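**Student:** Dropping in target.txt, which is compact mmCIF, C-alpha atoms and all ligand atoms:
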```txt
# COMPACT_ATOMS: atom_id res chain seq x y z
CA MET A 1 80.08 100.73 110.76
CA PHE A 2 77.78 97.97 111.95
CA SER A 3 74.49 99.23 113.41
CA PRO A 4 74.13 99.27 117.23
CA SER A 5 71.92 96.17 117.06
CA GLU A 6 74.47 94.36 114.89
CA ILE A 7 77.19 95.28 117.39
CA LEU A 8 75.05 93.70 120.12
CA GLU A 9 74.60 90.56 118.04
CA ILE A 10 78.33 90.40 117.32
CA LYS A 11 79.12 90.83 121.03
CA ASN A 12 76.90 87.84 121.73
CA LEU A 13 78.86 85.81 119.19
CA LEU A 14 82.21 86.75 120.73
CA VAL A 15 82.15 84.06 123.42
CA PRO A 16 84.67 81.29 124.20
CA GLU A 17 82.26 78.54 123.07
CA ASN A 18 82.43 79.83 119.50
CA LYS A 19 85.31 78.77 117.27
CA ILE A 20 86.61 81.85 115.52
CA VAL A 21 88.53 81.97 112.24
CA ILE A 22 89.95 85.03 110.51
CA ILE A 23 90.50 84.79 106.73
CA THR A 24 92.11 87.21 104.34
CA HIS A 25 92.67 87.48 100.58
CA TYR A 26 94.94 85.59 98.19
CA ASN A 27 98.48 87.01 98.05
CA PRO A 28 98.13 88.66 101.47
CA ASP A 29 99.66 92.13 101.76
CA GLY A 30 100.57 94.28 104.77
CA ASP A 31 96.98 95.35 105.40
CA ALA A 32 95.64 91.80 105.07
CA VAL A 33 98.17 90.39 107.54
CA GLY A 34 98.11 93.49 109.79
CA SER A 35 94.32 93.59 110.13
CA SER A 36 94.07 89.81 110.65
CA LEU A 37 96.78 89.63 113.31
CA GLY A 38 95.58 92.89 114.88
CA LEU A 39 92.09 91.42 115.26
CA LYS A 40 93.50 88.13 116.57
CA HIS A 41 95.49 89.96 119.27
CA PHE A 42 92.41 92.00 120.17
CA LEU A 43 90.27 88.86 120.51
CA LYS A 44 92.99 87.43 122.74
CA GLN A 45 92.64 90.50 124.98
CA MET A 46 88.91 89.65 125.13
CA GLY A 47 89.81 86.15 126.32
CA LEU A 48 89.09 84.55 122.93
CA GLU A 49 91.18 82.40 120.65
CA ALA A 50 91.15 82.71 116.88
CA ASP A 51 92.97 81.07 113.98
CA VAL A 52 94.27 83.31 111.21
CA ILE A 53 94.15 81.52 107.84
CA VAL A 54 95.71 82.91 104.67
CA PRO A 55 95.15 81.24 101.27
CA ASN A 56 98.82 81.29 100.27
CA ASP A 57 102.19 82.38 101.59
CA PHE A 58 102.97 86.04 102.26
CA PRO A 59 106.15 88.11 101.91
CA LYS A 60 109.04 87.63 104.29
CA PHE A 61 109.02 91.34 105.14
CA LEU A 62 105.74 90.79 107.04
CA LYS A 63 107.01 87.85 109.07
CA TRP A 64 108.40 89.99 111.90
CA MET A 65 104.85 90.73 113.06
CA PRO A 66 103.81 89.25 116.43
CA GLU A 67 102.42 85.70 115.94
CA SER A 68 102.87 85.83 112.16
CA LYS A 69 104.53 82.41 112.51
CA LYS A 70 101.24 80.97 113.81
CA ILE A 71 99.31 81.97 110.70
CA ILE A 72 97.93 78.89 108.93
CA ILE A 73 98.89 78.96 105.24
CA ALA A 74 96.15 76.96 103.50
CA ASP A 75 98.35 76.09 100.50
CA TYR A 76 100.76 74.25 102.85
CA LYS A 77 98.30 73.04 105.53
CA ARG A 78 95.20 72.09 103.58
CA LYS A 79 93.75 69.67 106.09
CA ILE A 80 94.17 71.93 109.11
CA ALA A 81 92.88 74.98 107.24
CA GLY A 82 89.93 73.15 105.68
CA GLU A 83 88.84 71.65 109.00
CA ALA A 84 89.19 74.96 110.84
CA ILE A 85 86.92 76.67 108.29
CA TYR A 86 84.45 73.78 108.27
CA ASN A 87 84.23 73.71 112.08
CA ALA A 88 84.16 77.48 112.61
CA ASP A 89 81.16 79.13 114.27
CA LEU A 90 82.29 82.62 113.33
CA ILE A 91 84.44 83.73 110.40
CA PHE A 92 85.88 87.21 109.98
CA ILE A 93 86.48 88.07 106.32
CA LEU A 94 89.10 90.80 106.24
CA ASP A 95 90.42 93.00 103.43
CA PHE A 96 88.46 91.37 100.60
CA ASN A 97 84.97 91.69 99.23
CA ALA A 98 83.99 88.37 97.62
CA SER A 99 84.73 84.71 98.44
CA HIS A 100 86.57 84.07 95.17
CA ARG A 101 89.24 86.64 96.17
CA SER A 102 90.48 84.10 98.73
CA GLY A 103 91.49 81.79 95.88
CA ASN A 104 90.47 78.46 94.35
CA LEU A 105 91.15 76.47 97.50
CA VAL A 106 89.82 78.63 100.34
CA GLY A 107 87.08 80.36 98.29
CA PRO A 108 84.83 77.27 97.93
CA TRP A 109 85.44 76.29 101.59
CA LEU A 110 84.35 79.75 102.63
CA GLU A 111 81.20 79.56 100.51
CA LYS A 112 80.21 76.22 102.06
CA ALA A 113 81.09 77.14 105.66
CA LYS A 114 78.12 77.15 108.03
CA ALA A 115 79.66 79.80 110.30
CA LYS A 116 78.24 83.29 110.76
CA LYS A 117 80.32 85.56 108.54
CA ILE A 118 81.47 89.06 109.38
CA LEU A 119 83.01 91.12 106.58
CA ILE A 120 85.26 94.09 107.36
CA ASP A 121 86.68 95.56 104.16
CA HIS A 122 87.34 98.68 102.11
CA HIS A 123 86.99 97.37 98.53
CA GLN A 124 84.18 98.34 96.17
CA GLN A 125 81.00 96.28 95.77
CA PRO A 126 81.16 93.71 98.57
CA ASP A 127 79.15 90.49 98.41
CA ASP A 128 76.44 89.90 100.98
CA PHE A 129 77.42 88.26 104.29
CA ASP A 130 75.68 87.99 107.69
CA PHE A 131 77.36 91.20 108.86
CA VAL A 132 78.93 93.71 106.50
CA TYR A 133 81.12 96.66 107.45
CA SER A 134 82.28 98.01 104.11
CA ASP A 135 83.65 101.51 103.60
CA VAL A 136 85.66 102.44 100.51
CA THR A 137 86.62 105.81 102.00
CA VAL A 138 88.79 104.22 104.70
CA PRO A 139 92.37 103.69 103.46
CA ALA A 140 93.01 100.39 105.23
CA THR A 141 91.09 97.48 106.71
CA SER A 142 93.46 97.80 109.68
CA GLN A 143 91.95 101.23 110.37
CA MET A 144 88.47 99.65 110.19
CA ILE A 145 89.53 97.09 112.82
CA TYR A 146 90.35 100.03 115.09
CA HIS A 147 86.91 101.55 114.42
CA PHE A 148 85.36 98.14 115.16
CA ILE A 149 87.22 98.01 118.50
CA GLN A 150 85.90 101.52 119.22
CA ALA A 151 82.35 100.44 118.35
CA LEU A 152 82.70 97.56 120.81
CA GLU A 153 83.82 100.19 123.38
CA GLU A 154 87.01 98.24 124.05
CA GLU A 155 89.66 100.79 122.99
CA GLU A 156 91.45 100.49 126.34
CA LYS A 157 92.23 96.86 125.46
CA VAL A 158 94.53 97.90 122.60
CA ASN A 159 98.00 96.65 123.54
CA VAL A 160 101.40 96.80 121.88
CA ASP A 161 100.80 93.71 119.68
CA ILE A 162 97.52 95.05 118.34
CA ALA A 163 99.15 98.46 117.84
CA GLN A 164 102.15 97.11 115.88
CA CYS A 165 99.92 95.09 113.55
CA LEU A 166 97.32 97.77 112.85
CA TYR A 167 100.02 100.41 112.35
CA THR A 168 101.70 98.18 109.76
CA GLY A 169 98.45 97.62 107.87
CA ILE A 170 97.63 101.33 107.76
CA MET A 171 101.20 102.29 106.82
CA THR A 172 101.41 99.83 103.93
CA ASP A 173 97.93 100.43 102.48
CA THR A 174 98.38 104.21 102.54
CA GLY A 175 101.81 103.92 100.90
CA GLY A 176 103.35 105.50 104.00
CA PHE A 177 100.43 107.89 104.74
CA ARG A 178 100.49 109.35 101.24
CA PHE A 179 97.44 108.05 99.37
CA ARG A 180 94.30 110.08 98.91
CA SER A 181 92.07 108.44 101.50
CA THR A 182 94.63 109.09 104.29
CA SER A 183 92.63 111.36 106.62
CA ALA A 184 92.95 113.28 109.87
CA THR A 185 91.13 110.34 111.47
CA THR A 186 93.79 108.00 110.11
CA HIS A 187 96.50 110.11 111.73
CA ARG A 188 94.59 110.31 115.03
CA ILE A 189 94.38 106.53 115.11
CA ILE A 190 98.06 106.28 114.23
CA ALA A 191 98.82 108.63 117.14
CA ASN A 192 96.80 106.38 119.47
CA LEU A 193 98.64 103.31 118.18
CA ILE A 194 102.01 104.95 118.83
CA GLU A 195 100.85 105.76 122.38
CA LYS A 196 99.94 102.09 122.79
CA GLY A 197 103.46 101.07 121.79
CA ALA A 198 103.63 100.90 117.98
CA ASP A 199 107.21 101.78 117.01
CA PRO A 200 107.26 103.70 113.68
CA ALA A 201 111.00 103.40 113.08
CA MET A 202 111.11 99.67 113.82
CA ILE A 203 107.99 98.95 111.75
CA THR A 204 109.21 100.98 108.78
CA SER A 205 112.65 99.43 108.70
CA SER A 206 111.40 95.87 109.33
CA THR A 207 108.83 96.19 106.55
CA TRP A 208 110.46 98.41 103.98
CA ASP A 209 114.23 98.41 104.44
CA THR A 210 114.35 94.81 103.35
CA ASN A 211 115.70 95.01 99.82
CA THR A 212 118.00 92.34 98.52
CA VAL A 213 120.56 93.18 95.87
CA SER A 214 118.71 90.96 93.40
CA ARG A 215 115.46 92.84 94.01
CA LEU A 216 117.19 96.13 93.27
CA HIS A 217 118.65 94.65 90.09
CA LEU A 218 115.16 93.54 89.06
CA LEU A 219 113.90 97.06 89.73
CA ALA A 220 116.77 98.53 87.70
CA LEU A 221 115.82 96.26 84.80
CA ILE A 222 112.19 97.37 84.63
CA LEU A 223 112.93 101.04 85.29
CA GLY A 224 115.42 100.91 82.43
CA ARG A 225 112.69 100.14 79.91
CA ILE A 226 109.66 101.94 81.32
CA GLU A 227 107.38 103.09 78.51
CA VAL A 228 105.06 106.08 78.49
CA VAL A 229 102.00 106.33 76.19
CA LYS A 230 98.85 108.44 75.77
CA GLU A 231 100.77 111.72 75.62
CA GLY A 232 102.73 111.00 78.77
CA LYS A 233 99.67 110.12 80.84
CA VAL A 234 100.18 106.35 81.07
CA ALA A 235 103.30 104.47 82.18
CA ILE A 236 103.83 100.79 81.37
CA LEU A 237 106.18 98.38 83.16
CA TRP A 238 106.54 94.65 82.63
CA LEU A 239 108.43 91.55 83.70
CA LYS A 240 108.77 88.14 82.13
CA ARG A 241 108.97 84.81 83.89
CA ASP A 242 112.53 84.13 82.71
CA GLU A 243 113.63 87.43 84.19
CA LEU A 244 111.95 86.61 87.52
CA LYS A 245 113.85 83.33 87.57
CA GLN A 246 117.12 84.93 86.54
CA TYR A 247 116.95 87.38 89.46
CA GLY A 248 115.90 84.74 92.02
CA PHE A 249 112.41 86.17 92.48
CA GLN A 250 110.97 85.88 95.99
CA LYS A 251 107.37 86.56 96.93
CA GLY A 252 106.87 90.28 97.49
CA ASP A 253 109.91 91.33 95.42
CA THR A 254 107.78 93.27 92.93
CA GLU A 255 105.65 94.95 95.60
CA GLY A 256 105.63 98.70 94.95
CA PHE A 257 107.22 98.55 91.49
CA VAL A 258 104.03 99.87 89.87
CA ASN A 259 104.26 103.08 91.92
CA TYR A 260 107.37 104.20 90.04
CA GLY A 261 105.21 104.71 86.96
CA LEU A 262 103.03 107.16 88.83
CA SER A 263 106.03 109.09 90.14
CA ILE A 264 106.71 110.37 86.61
CA MET A 265 105.55 113.95 86.19
CA GLY A 266 102.28 114.08 84.26
CA THR A 267 101.30 110.42 84.50
CA GLN A 268 97.74 109.59 85.52
CA VAL A 269 97.93 105.81 85.28
CA SER A 270 100.64 103.23 85.84
CA ALA A 271 100.26 99.62 84.76
CA PHE A 272 102.58 96.79 85.68
CA PHE A 273 102.34 93.47 83.80
CA MET A 274 103.98 90.33 85.09
CA GLU A 275 104.00 86.78 83.76
CA ASP A 276 102.97 84.37 86.49
CA LEU A 277 105.88 82.22 87.64
CA TYR A 278 104.02 78.93 87.13
CA GLU A 279 100.83 79.40 85.15
CA ASP A 280 100.05 80.96 81.80
CA PHE A 281 98.44 84.22 82.76
CA ILE A 282 99.47 87.81 83.26
CA LYS A 283 99.01 89.43 86.65
CA ILE A 284 98.38 93.14 86.34
CA SER A 285 98.64 95.99 88.83
CA PHE A 286 97.07 99.35 88.09
CA ARG A 287 97.58 102.61 89.95
CA SER A 288 96.06 106.01 89.16
CA LYS A 289 95.84 109.59 90.33
CA ASP A 290 92.83 111.77 91.10
CA ASP A 291 89.51 110.66 89.58
CA VAL A 292 90.89 108.20 87.04
CA ASP A 293 89.11 104.99 88.05
CA VAL A 294 91.29 101.92 87.50
CA ASN A 295 88.89 99.73 89.51
CA GLN A 296 86.19 100.19 86.86
CA PHE A 297 88.73 99.96 84.03
CA SER A 298 90.04 96.65 85.37
CA ARG A 299 86.53 95.30 85.93
CA ASN A 300 85.59 96.24 82.36
CA HIS A 301 88.64 94.87 80.55
CA PHE A 302 91.03 92.88 82.75
CA ASN A 303 88.94 90.57 84.97
CA GLY A 304 89.84 92.42 88.12
CA GLY A 305 88.95 95.23 90.46
CA GLY A 306 90.14 96.88 93.65
CA HIS A 307 89.94 100.56 94.52
CA ILE A 308 89.56 103.67 92.37
CA ASN A 309 93.30 104.44 92.50
CA ALA A 310 94.71 100.92 93.02
CA ALA A 311 93.41 97.83 91.32
CA GLY A 312 94.58 94.52 89.94
CA GLY A 313 93.59 92.12 87.22
CA LYS A 314 94.39 88.88 85.47
CA TYR A 315 94.59 88.27 81.71
CA MET A 316 94.87 85.02 79.82
CA LYS A 317 96.85 86.17 76.75
CA ASN A 318 100.64 86.39 76.45
CA ILE A 319 102.43 89.47 77.69
CA GLU A 320 102.88 91.17 74.31
CA GLU A 321 99.19 90.71 73.44
CA THR A 322 98.15 91.82 76.92
CA ILE A 323 100.14 95.05 76.69
CA ALA A 324 98.85 95.67 73.13
CA ASP A 325 95.24 95.21 74.32
CA PHE A 326 95.93 97.48 77.27
CA LYS A 327 97.28 100.25 75.02
CA GLU A 328 94.18 100.04 72.84
CA LYS A 329 91.77 100.12 75.81
CA ILE A 330 93.57 102.90 77.66
CA GLU A 331 93.77 105.12 74.55
CA ALA A 332 89.98 104.91 74.35
CA GLU A 333 89.57 106.10 77.94
CA ASP A 334 88.63 109.71 78.45
CA PHE A 335 91.25 111.36 80.67
P1 LIG B 401 97.89 95.00 93.79
O1 LIG B 401 98.12 95.73 92.52
O2 LIG B 401 98.64 95.62 94.93
O3 LIG B 401 98.02 93.53 93.68
O4 LIG B 401 96.35 95.23 94.13
C1 LIG B 401 95.79 96.51 94.24
C2 LIG B 401 94.38 96.39 94.75
O5 LIG B 401 93.57 95.69 93.80
C3 LIG B 401 94.27 95.61 96.04
O6 LIG B 401 93.30 96.23 96.84
C4 LIG B 401 93.81 94.25 95.62
O7 LIG B 401 93.00 93.66 96.60
C5 LIG B 401 93.01 94.51 94.35
N1 LIG B 401 93.22 93.43 93.37
C6 LIG B 401 94.41 92.95 92.93
N2 LIG B 401 94.23 91.97 92.02
C7 LIG B 401 92.90 91.82 91.89
C8 LIG B 401 92.08 90.94 91.10
O8 LIG B 401 92.56 90.11 90.32
N3 LIG B 401 90.73 91.07 91.25
C9 LIG B 401 90.18 91.99 92.09
N4 LIG B 401 88.83 92.06 92.16
N5 LIG B 401 90.90 92.82 92.84
C10 LIG B 401 92.25 92.74 92.75
MN MN B 402 93.61 96.75 102.28
```
Represent the structure contained in this file as structure tokens.
Ligand code: 5GP
Ligand code: MN

**Tutor:**
Amino acid sequence: MFSPSEILEIKNLLVPENKIVIITHYNPDGDAVGSSLGLKHFLKQMGLEADVIVPNDFPKFLKWMPESKKIIIADYKRKIAGEAIYNADLIFILDFNASHRSGNLVGPWLEKAKAKKILIDHHQQPDDFDFVYSDVTVPATSQMIYHFIQALEEEEKVNVDIAQCLYTGIMTDTGGFRFRSTSATTHRIIANLIEKGADPAMITSSTWDTNTVSRLHLLALILGRIEVVKEGKVAILWLKRDELKQYGFQKGDTEGFVNYGLSIMGTQVSAFFMEDLYEDFIKISFRSKDDVDVNQFSRNHFNGGGHINAAGGKYMKNIEETIADFKEKIEAEDF
């Protein structure tokens, strides 16, 4: 958490004269959108306005969230987004650790912005900003927003909109309260959010019961050819661009696919490789169990990072070469 003196400084910055912008990472997920909108609704309760800016579009299954329609998507609204960042006095950087993670468009704007910058994030090795609240033991940035509200001594201001958004972020980033960093504190906060009006059944069905038939067919395709290597300890899944097109791929359709690899008895790592729809690179998702560190593995070999048990990366070879390189690198790992 921020120190007491930093909290005082931040309180002094939270005034109506200051233009506030909230930015999250490229390919925003449930925690990115949940923490950003949750903070926006909280600032509103404090009598402050804030713009939420995301680098690119986000999945439809997050668009039920209160005021998600007001989010500025920089890819589509370059001028508005660029000017908002340029003119901001205060920028909250949520759910990412380094400017470049907000993409090629927003990243450089963020670096040049003259605003005071406040980072709240749970990824490893954050860059330096004016104020940094980084904690890799917390399962979701949305939980950290709740802790931030507590540190400001404004918990009674949490309303139903804040509660719905933060609940969604915590639920999605913990994989439905299953991942390792899910703690008693997480559940206490969840209980508070339910008391403030978060509706678990509505949130779960709006976010997760949103399959299309084509998404299930896509899932069937990759499950049908899942490969296991390293004596059953590593699962590999992949998808090609033509297949994405054939099944009418929509943003977010492959969310969660990588987890099926880890659900196999005995696996320690799951890796999901996907050709980008437009550009010639492979997007990779890694998941792991226990102490197997895919963040470090991805940093070392696949130009990425993330968390110990959930990381991503990007590779510039074709998919066959990428998977071959992966097999070689993962065989050499000691687990
Ligand atoms: P996912 O596999 O769900 O895309 O990402 C898993 C985690 O790794 C997320 O916390 C995400 O922020 C992080 N991540 C995904 N891709 C990259 C990447 O290319 N670089 C870095 N540094 N982190 C990534
Ligand atoms: Mn997160």

**Student:** Counting all atoms listed in the file, which residues of stretch 186-301 of chain A sit at most 10 Å from some atom of stretch 12-32 of chain A, and what is each one's closest atom pair with its distance in Å to one decimal, listed by chain and rising residue number, as a tab-separated table?

**Tutor:**
```
residue	atom	partner	partner_atom	distance
A:Thr207	CA	A:Gly30	CA	8.7
A:Lys251	CA	A:Asn27	CA	9.0
A:Gly252	CA	A:Asp29	CA	8.6
A:Glu255	CA	A:Asp29	CA	9.0
```

**Student:** Given all atoms listed in the file, how would the per-residue table for chain A near ligand LIG 401 (chain B) read, listing every residue at most 7 Å away with its closest atom pair and distance in Å to one decimal, sorted by chain and number, as a tab-separated table?

**Tutor:**
```
residue	atom	partner	partner_atom	distance
A:Phe96	CA	B:LIG401	O7	6.5
A:Arg101	CA	B:LIG401	N4	6.8
A:His123	CA	B:LIG401	O6	6.6
A:Ile284	CA	B:LIG401	O1	6.7
A:Ser285	CA	B:LIG401	O1	3.7
A:Phe286	CA	B:LIG401	O1	5.8
A:Asn303	CA	B:LIG401	O8	6.5
A:Gly304	CA	B:LIG401	N3	3.5
A:Gly305	CA	B:LIG401	N4	3.6
A:Gly306	CA	B:LIG401	O5	3.6
A:His307	CA	B:LIG401	O6	6.0
A:Ala310	CA	B:LIG401	C1	4.7
A:Ala311	CA	B:LIG401	O5	3.3
A:Gly312	CA	B:LIG401	N2	3.3
A:Gly313	CA	B:LIG401	O8	3.8
A:Lys314	CA	B:LIG401	O8	5.3
```

**Student:** Using Å and a single decimal, report how far atom CA of A:Ser36 sits from atom CA of A:Pro59.

**Tutor:** 15.0 Å

**Student:** Could you list as a list of chain:residue names every residue that has an atom within 12 Å of (88.6, 108.4, 100.9), using the file's coordinates and counting only C-alpha atoms?

**Tutor:**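 Residues satisfying the cut-off, written out: A:His122, A:His123, A:Gln124, A:Asp135, A:Val136, A:Thr137, A:Val138, A:Pro139, A:Ala140, A:Thr174, A:Arg178, A:Phe179, A:Arg180, A:Ser181, A:Thr182, A:Ser183, A:Ala184, A:Thr185, A:Thr186, A:Asp290, A:Asp291, A:His307, A:Ile308, A:Asn309.
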
**Student:** Next, the residues of the selection above should be written as a PDB file, keeping the file's coordinate frame with C-alpha atoms.

**Tutor:**
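Result file follows (part_25.pdb):
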```pdb
ATOM      1  CA  HIS A 122      87.340  98.680 102.110  1.00  0.00           C
ATOM      2  CA  HIS A 123      86.990  97.370  98.530  1.00  0.00           C
ATOM      3  CA  GLN A 124      84.180  98.340  96.170  1.00  0.00           C
ATOM      4  CA  ASP A 135      83.650 101.510 103.600  1.00  0.00           C
ATOM      5  CA  VAL A 136      85.660 102.440 100.510  1.00  0.00           C
ATOM      6  CA  THR A 137      86.620 105.810 102.000  1.00  0.00           C
ATOM      7  CA  VAL A 138      88.790 104.220 104.700  1.00  0.00           C
ATOM      8  CA  PRO A 139      92.370 103.690 103.460  1.00  0.00           C
ATOM      9  CA  ALA A 140      93.010 100.390 105.230  1.00  0.00           C
ATOM     10  CA  THR A 174      98.380 104.210 102.540  1.00  0.00           C
ATOM     11  CA  ARG A 178     100.490 109.350 101.240  1.00  0.00           C
ATOM     12  CA  PHE A 179      97.440 108.050  99.370  1.00  0.00           C
ATOM     13  CA  ARG A 180      94.300 110.080  98.910  1.00  0.00           C
ATOM     14  CA  SER A 181      92.070 108.440 101.500  1.00  0.00           C
ATOM     15  CA  THR A 182      94.630 109.090 104.290  1.00  0.00           C
ATOM     16  CA  SER A 183      92.630 111.360 106.620  1.00  0.00           C
ATOM     17  CA  ALA A 184      92.950 113.280 109.870  1.00  0.00           C
ATOM     18  CA  THR A 185      91.130 110.340 111.470  1.00  0.00           C
ATOM     19  CA  THR A 186      93.790 108.000 110.110  1.00  0.00           C
ATOM     20  CA  ASP A 290      92.830 111.770  91.100  1.00  0.00           C
ATOM     21  CA  ASP A 291      89.510 110.660  89.580  1.00  0.00           C
ATOM     22  CA  HIS A 307      89.940 100.560  94.520  1.00  0.00           C
ATOM     23  CA  ILE A 308      89.560 103.670  92.370  1.00  0.00           C
ATOM     24  CA  ASN A 309      93.300 104.440  92.500  1.00  0.00           C
TER      25      ASN A 309
END
```

**Student:** Counting only C-alpha atoms and all ligand atoms, which residue out of A:Lys60, A:Val33, A:Val160, A:Val258 sits closest to ligand MN 402 (chain B)?

**Tutor:** A:Val33

**Student:** Around stretch 107-120 of chain A, with edges along x, y and z and 5 Å added on all six sides, what centre and edge lengths do you get, in Å to one decimal, as JSON?

**Tutor:**
```
{"center_x": 82.6, "center_y": 85.2, "center_z": 104.3, "size_x": 19.0, "size_y": 27.9, "size_z": 22.8}
```

**Student:** For each of A:Leu244, A:Ala81, A:Ala191, A:Leu48, take the minimum atom-to-atom distance to A:His217, counting all atoms listed in the file, then give the residue where this is smallest.

**Tutor:**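 Smallest distance to A:His217 is found for A:Leu244.
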
**Student:** With distances taken over all atoms listed in the file, which of A:Asp173, A:Asp130, A:Glu279, A:Glu227 is nearest to A:Glu6?

**Tutor:**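 Once distances to A:Glu6 are computed over all atoms listed in the file, the minimum belongs to A:Asp130.
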
**Student:** From the options A:Gly107, A:Gly197, A:Gly169, A:Gly248, which residue's atoms come nearest to ligand MN 402 (chain B), counting only C-alpha atoms and all ligand atoms?

**Tutor:**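 Answer, going by the shortest atom-to-atom distance: A:Gly169.
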
**Student:** Taking only C-alpha atoms into account, name the residue in A:Lys240, A:Gln125, A:Ala84, A:Tyr247 that is nearest to A:Arg299.

**Tutor:**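 Distance minimum relative to A:Arg299 lands on A:Gln125.
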
**Student:** Which of these, A:Gln45, A:Ser3, A:Gln250, A:Thr172, has the shortest distance to ligand MN 402 (chain B) once you count all atoms listed in the file?

**Tutor:**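 Under the stated criterion, the closest residue is A:Thr172.
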
**Student:** Between atom CA of A:Phe92 and atom CA of A:Ile120, what distance in Å does the model show, to one decimal?

**Tutor:**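 Interatomic distance, atom CA of A:Phe92 to atom CA of A:Ile120: 7.4 Å.
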
**Student:** Between atom CA of A:Ile170 and atom CA of A:Met144, measure the distance and give it in Å to one decimal.

**Tutor:**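 According to the coordinates, atom CA of A:Ile170 and atom CA of A:Met144 are separated by 9.6 Å.
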
**Student:** A:Pro66: which residues within 7 Å, counting all atoms listed in the file, same-chain residues fewer than 2 positions away excluded, as a list in words?

**Tutor:**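 Once the adjacent positions are removed, what remains is Trp64, Ser68 and Asp161 of chain A.
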
**Student:** Kindly provide, as a list in words, the polymer residues lying within 7 Å of (100.7, 78.9, 97.3), counting all atoms listed in the file and using the coordinates exactly as they appear in the file.

**Tutor:**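 Neighbouring residues, ordered by chain and number, come to Asn56, Asp57 and Asp75 of chain A.
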
**Student:** As number ranges by chain, please: the residues near A:Leu119 (cut-off 6 Å, all atoms listed in the file, same-chain neighbours under 2 positions excluded).

**Tutor:** A: 92-93, 132-133

**Student:** May I have the selected residues written with C-alpha atoms, as a CSV table (one decimal), in the coordinates of the input?

**Tutor:**
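Ended up saving to result-v2.csv:
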```
chain,number,residue,atom,x,y,z
A,92,PHE,CA,85.9,87.2,110.0
A,93,ILE,CA,86.5,88.1,106.3
A,132,VAL,CA,78.9,93.7,106.5
A,133,TYR,CA,81.1,96.7,107.4
```

**Student:** Please provide as a ChimeraX atom specification all residues within 8 Å of A:Leu262, with the sequence filter that same-chain residues fewer than 4 positions apart are discarded (counting all atoms listed in the file).

**Tutor:** /A:235,258,267-270,287-289
